[in-house]
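Structure, as structure tokens:
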Amino acid sequence: MWKCPKCGRSFRNENQSHYCGKALETVDEYIMAQDEDIRSQLQSVRQALISSLPGAAEKISWSMPTYWNGHNIIHFAAQKKHIGLYPGPEAVGFFSDKLDQAGLKYSKGTIQIPYSDELPLELIAGIAEWCVKTGNHA
Ligand SMILES: [Zn+2]
């Protein structure tokens with residue numbers, strides 16, 4: 001856990017990039033608080049998650065866009081150089097071969113998706129679907 005010295009909010013990752021103003025309450029507010037040139041890419045990831053997670057509620061949890069259905073299923077966040085996708089360590093382990101094939105960096109519970117015009121949306125949707133099928137908790 002890391003607490004931002006400016007706004008006092010707590011985050012899972014040290015030096016998590018975030019908006020220090022009023023707490024963001026919705027994913028729309030979250031996306032609007034990011035740089036303009038990455039908003040459409042964040043929207044694409046958001047849409048891929050929404051369409052693969054029917055029945056899940058969208059909210060902000062741990063200061064990140066989060067999909068929830070009784071528990072947190074998956075989060076994403078705008079980082080400086082990439083979009084962080086947080087499906088939990090089991091999902092990352094299960095998908096490691098596919099992530100390697102796609103050339104994506106990952107570590108325990110976290111996948112780094114570079115900002116690009118060709119986001120791996122099918123893979124993101126596949127991971128989200130796996131999380132629902134297995135009752136995975138992020
Ligand atoms: Zn802050």
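Scheme for the structure tokens: letters A, B, ... for chains in order shown; per-chain residue numbers from 1; ligand numbers from 1 in order shown.
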
List as a PDB file with N, CA and C atoms, in the first residue's frame the protein and nucleic acid residues lying within 12 Å of ligand 1, with only C-alpha atoms and all ligand atoms counted.
```
ATOM      1  N   TRP A   2       0.449   2.209  -0.764  1.00  0.00           N
ATOM      2  CA  TRP A   2       1.179   3.466  -0.815  1.00  0.00           C
ATOM      3  C   TRP A   2       0.161   4.602  -0.665  1.00  0.00           C
ATOM      4  N   LYS A   3       0.500   5.582   0.172  1.00  0.00           N
ATOM      5  CA  LYS A   3      -0.395   6.710   0.379  1.00  0.00           C
ATOM      6  C   LYS A   3       0.195   7.932  -0.300  1.00  0.00           C
ATOM      7  N   CYS A   4      -0.581   8.536  -1.192  1.00  0.00           N
ATOM      8  CA  CYS A   4      -0.096   9.727  -1.892  1.00  0.00           C
ATOM      9  C   CYS A   4       0.053  10.874  -0.892  1.00  0.00           C
ATOM     10  N   PRO A   5       1.257  11.480  -0.834  1.00  0.00           N
ATOM     11  CA  PRO A   5       1.444  12.574   0.125  1.00  0.00           C
ATOM     12  C   PRO A   5       0.634  13.813  -0.229  1.00  0.00           C
ATOM     13  N   LYS A   6       0.247  13.945  -1.494  1.00  0.00           N
ATOM     14  CA  LYS A   6      -0.506  15.149  -1.897  1.00  0.00           C
ATOM     15  C   LYS A   6      -1.983  15.053  -1.541  1.00  0.00           C
ATOM     16  N   CYS A   7      -2.620  13.952  -1.936  1.00  0.00           N
ATOM     17  CA  CYS A   7      -4.071  13.891  -1.738  1.00  0.00           C
ATOM     18  C   CYS A   7      -4.459  12.916  -0.622  1.00  0.00           C
ATOM     19  N   GLY A   8      -3.499  12.122  -0.141  1.00  0.00           N
ATOM     20  CA  GLY A   8      -3.777  11.259   1.003  1.00  0.00           C
ATOM     21  C   GLY A   8      -4.515   9.974   0.664  1.00  0.00           C
ATOM     22  N   ARG A   9      -4.773   9.730  -0.637  1.00  0.00           N
ATOM     23  CA  ARG A   9      -5.462   8.489  -0.974  1.00  0.00           C
ATOM     24  C   ARG A   9      -4.481   7.317  -1.007  1.00  0.00           C
ATOM     25  N   SER A  10      -5.008   6.129  -0.753  1.00  0.00           N
ATOM     26  CA  SER A  10      -4.159   4.944  -0.700  1.00  0.00           C
ATOM     27  C   SER A  10      -4.278   4.147  -1.984  1.00  0.00           C
ATOM     28  N   PHE A  11      -3.147   3.584  -2.416  1.00  0.00           N
ATOM     29  CA  PHE A  11      -3.108   2.811  -3.652  1.00  0.00           C
ATOM     30  C   PHE A  11      -2.355   1.515  -3.420  1.00  0.00           C
ATOM     31  N   GLU A  14       3.084   1.573  -5.420  1.00  0.00           N
ATOM     32  CA  GLU A  14       3.838   2.756  -5.057  1.00  0.00           C
ATOM     33  C   GLU A  14       3.887   3.721  -6.235  1.00  0.00           C
ATOM     34  N   ASN A  15       3.748   5.007  -5.952  1.00  0.00           N
ATOM     35  CA  ASN A  15       3.779   6.061  -6.970  1.00  0.00           C
ATOM     36  C   ASN A  15       2.773   5.846  -8.094  1.00  0.00           C
ATOM     37  N   GLN A  16       1.672   5.200  -7.779  1.00  0.00           N
ATOM     38  CA  GLN A  16       0.580   5.031  -8.739  1.00  0.00           C
ATOM     39  C   GLN A  16       0.230   6.383  -9.353  1.00  0.00           C
ATOM     40  N   SER A  17       0.223   6.461 -10.682  1.00  0.00           N
ATOM     41  CA  SER A  17      -0.168   7.734 -11.275  1.00  0.00           C
ATOM     42  C   SER A  17      -1.682   7.880 -11.141  1.00  0.00           C
ATOM     43  N   HIS A  18      -2.108   9.026 -10.756  1.00  0.00           N
ATOM     44  CA  HIS A  18      -3.533   9.257 -10.514  1.00  0.00           C
ATOM     45  C   HIS A  18      -3.792  10.757 -10.489  1.00  0.00           C
ATOM     46  N   TYR A  19      -5.028  11.082 -10.366  1.00  0.00           N
ATOM     47  CA  TYR A  19      -5.458  12.470 -10.324  1.00  0.00           C
ATOM     48  C   TYR A  19      -5.639  12.837  -8.850  1.00  0.00           C
ATOM     49  N   CYS A  20      -4.952  13.899  -8.406  1.00  0.00           N
ATOM     50  CA  CYS A  20      -4.957  14.222  -6.974  1.00  0.00           C
ATOM     51  C   CYS A  20      -6.127  15.108  -6.536  1.00  0.00           C
ATOM     52  N   GLY A  21      -6.965  15.513  -7.469  1.00  0.00           N
ATOM     53  CA  GLY A  21      -8.085  16.385  -7.088  1.00  0.00           C
ATOM     54  C   GLY A  21      -9.162  15.601  -6.360  1.00  0.00           C
ATOM     55  N   LYS A  22     -10.370  16.093  -6.437  1.00  0.00           N
ATOM     56  CA  LYS A  22     -11.508  15.426  -5.816  1.00  0.00           C
ATOM     57  C   LYS A  22     -11.548  13.962  -6.255  1.00  0.00           C
ATOM     58  N   ALA A  23     -11.905  13.088  -5.346  1.00  0.00           N
ATOM     59  CA  ALA A  23     -11.933  11.661  -5.670  1.00  0.00           C
ATOM     60  C   ALA A  23     -12.827  11.412  -6.882  1.00  0.00           C
ATOM     61  N   LEU A  24     -12.337  10.606  -7.792  1.00  0.00           N
ATOM     62  CA  LEU A  24     -13.110  10.301  -8.989  1.00  0.00           C
ATOM     63  C   LEU A  24     -14.110   9.208  -8.635  1.00  0.00           C
ATOM     64  N   SER A  63      -9.140   3.244  -6.441  1.00  0.00           N
ATOM     65  CA  SER A  63      -8.910   4.367  -7.349  1.00  0.00           C
ATOM     66  C   SER A  63      -8.734   3.958  -8.802  1.00  0.00           C
TER      67      SER A  63
END
```

Which of chain A DSSP labels strand (DSSP E or B), written as a PyMOL selection string: chain A and resi 2-3+10-11+57-61+64-68+72-78+82-86+105-107+110-114

Hey, can you spit out that residue selection with C-alpha atoms as a PDB file, in the first residue's frame?
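Result written to part06.pdb:
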```
ATOM      1  CA  TRP A   2       1.179   3.466  -0.815  1.00  0.00           C
ATOM      2  CA  LYS A   3      -0.395   6.710   0.379  1.00  0.00           C
ATOM      3  CA  SER A  10      -4.159   4.944  -0.700  1.00  0.00           C
ATOM      4  CA  PHE A  11      -3.108   2.811  -3.652  1.00  0.00           C
ATOM      5  CA  ALA A  57     -21.204  -3.315 -12.237  1.00  0.00           C
ATOM      6  CA  GLU A  58     -18.695  -0.678 -13.175  1.00  0.00           C
ATOM      7  CA  LYS A  59     -17.212   1.339 -10.358  1.00  0.00           C
ATOM      8  CA  ILE A  60     -14.053   2.873  -8.971  1.00  0.00           C
ATOM      9  CA  SER A  61     -12.260   0.657  -6.491  1.00  0.00           C
ATOM     10  CA  MET A  64      -9.145   2.308 -10.556  1.00  0.00           C
ATOM     11  CA  PRO A  65     -11.972   1.487 -12.975  1.00  0.00           C
ATOM     12  CA  THR A  66     -13.267  -1.823 -11.674  1.00  0.00           C
ATOM     13  CA  TYR A  67     -15.770  -4.456 -12.769  1.00  0.00           C
ATOM     14  CA  TRP A  68     -17.601  -5.992  -9.885  1.00  0.00           C
ATOM     15  CA  ASN A  72     -13.842  -7.288  -7.855  1.00  0.00           C
ATOM     16  CA  ILE A  73     -13.409  -9.190 -11.133  1.00  0.00           C
ATOM     17  CA  ILE A  74     -10.847  -7.031 -12.927  1.00  0.00           C
ATOM     18  CA  HIS A  75      -9.438  -3.494 -12.825  1.00  0.00           C
ATOM     19  CA  PHE A  76      -7.645  -1.311 -15.304  1.00  0.00           C
ATOM     20  CA  ALA A  77      -5.727   1.931 -14.871  1.00  0.00           C
ATOM     21  CA  ALA A  78      -4.014   4.586 -16.962  1.00  0.00           C
ATOM     22  CA  HIS A  82       0.826   1.791 -20.643  1.00  0.00           C
ATOM     23  CA  ILE A  83      -2.621   0.734 -19.570  1.00  0.00           C
ATOM     24  CA  GLY A  84      -2.416  -1.531 -16.548  1.00  0.00           C
ATOM     25  CA  LEU A  85      -4.818  -4.463 -16.553  1.00  0.00           C
ATOM     26  CA  TYR A  86      -5.232  -6.129 -13.161  1.00  0.00           C
ATOM     27  CA  LYS A 105       4.922  -7.463 -20.359  1.00  0.00           C
ATOM     28  CA  TYR A 106       3.351  -8.825 -17.225  1.00  0.00           C
ATOM     29  CA  SER A 107       4.120  -9.552 -13.630  1.00  0.00           C
ATOM     30  CA  THR A 110      -0.583  -7.131 -13.670  1.00  0.00           C
ATOM     31  CA  ILE A 111      -0.495  -6.884 -17.461  1.00  0.00           C
ATOM     32  CA  GLN A 112       1.044  -3.884 -19.238  1.00  0.00           C
ATOM     33  CA  ILE A 113      -0.699  -2.855 -22.430  1.00  0.00           C
ATOM     34  CA  PRO A 114       1.271  -0.215 -24.342  1.00  0.00           C
TER      35      PRO A 114
END
```

Proximity to Leu119 in chain A - best of A:Gln79, A:Thr26, A:Ser40, A:Asn136, only C-alpha atoms: A:Ser40

Gap from CA of His71 in chain A to CA of Leu53 in chain A - Å, one decimal: 12.9 Å

Selection near Arg46 in chain A, 9 Å with only C-alpha atoms, sequence-local residues under 4 positions removed, as a list in words: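 Everything that qualifies: Val27, Gln41, Leu42, Ile50, Ser51, Pro65 and Phe76 of chain A.
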
Export of the given selection (C-alpha atoms) as an mmCIF file, in the first residue's frame:
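The resulting file, again19.cif, is shown below:
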```cif
data_model
loop_
_atom_site.group_PDB
_atom_site.id
_atom_site.type_symbol
_atom_site.label_atom_id
_atom_site.label_comp_id
_atom_site.auth_asym_id
_atom_site.auth_seq_id
_atom_site.Cartn_x
_atom_site.Cartn_y
_atom_site.Cartn_z
ATOM 1 C CA VAL A 27 -15.249 5.645 -14.813
ATOM 2 C CA GLN A 41 -7.669 3.928 -25.881
ATOM 3 C CA LEU A 42 -8.978 3.762 -22.333
ATOM 4 C CA ILE A 50 -18.111 -4.147 -20.509
ATOM 5 C CA SER A 51 -19.064 -6.376 -23.436
ATOM 6 C CA PRO A 65 -11.972 1.487 -12.975
ATOM 7 C CA PHE A 76 -7.645 -1.311 -15.304
#
```

Counting only C-alpha atoms, the option among A:Lys81, A:Arg12, A:Lys98, A:His137 closest to Tyr115 in chain A: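 Looking only at the distances to Tyr115 in chain A, the closest residue turns out to be A:Lys81.
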
Who sits within 8 Å of Ala125 in chain A, only C-alpha atoms, same chain under 2 positions skipped, as a PyMOL selection string: chain A and resi 48-49+51-52+121-123+127-129

Write out the residues from the selection above, keeping C-alpha atoms, as a short mmCIF file (atom, residue, chain, number, x, y, z; two decimals), in the first residue's frame.
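Once everything was written out, this is out-v2.cif:
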```cif
data_model
loop_
_atom_site.label_atom_id
_atom_site.label_comp_id
_atom_site.auth_asym_id
_atom_site.auth_seq_id
_atom_site.Cartn_x
_atom_site.Cartn_y
_atom_site.Cartn_z
CA ALA A 48 -14.03 -4.59 -24.34
CA LEU A 49 -14.48 -5.27 -20.62
CA SER A 51 -19.06 -6.38 -23.44
CA SER A 52 -17.30 -9.42 -22.00
CA LEU A 121 -8.87 -6.14 -27.28
CA GLU A 122 -9.71 -9.76 -28.06
CA LEU A 123 -7.15 -10.96 -25.57
CA ILE A 127 -9.11 -12.69 -19.97
CA ALA A 128 -12.24 -10.99 -18.63
CA GLU A 129 -14.40 -13.91 -19.75
#
```

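Using only C-alpha atoms, the smallest distance between any of A:Leu99, A:Gln47, A:Asp28, A:Trp62 and Met1 in chain A comes from A:Trp62.
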
All helix (DSSP H, G or I) positions in chain A, as a ChimeraX atom specification: /A:27-32,36-52,89-94,96-101,121-134
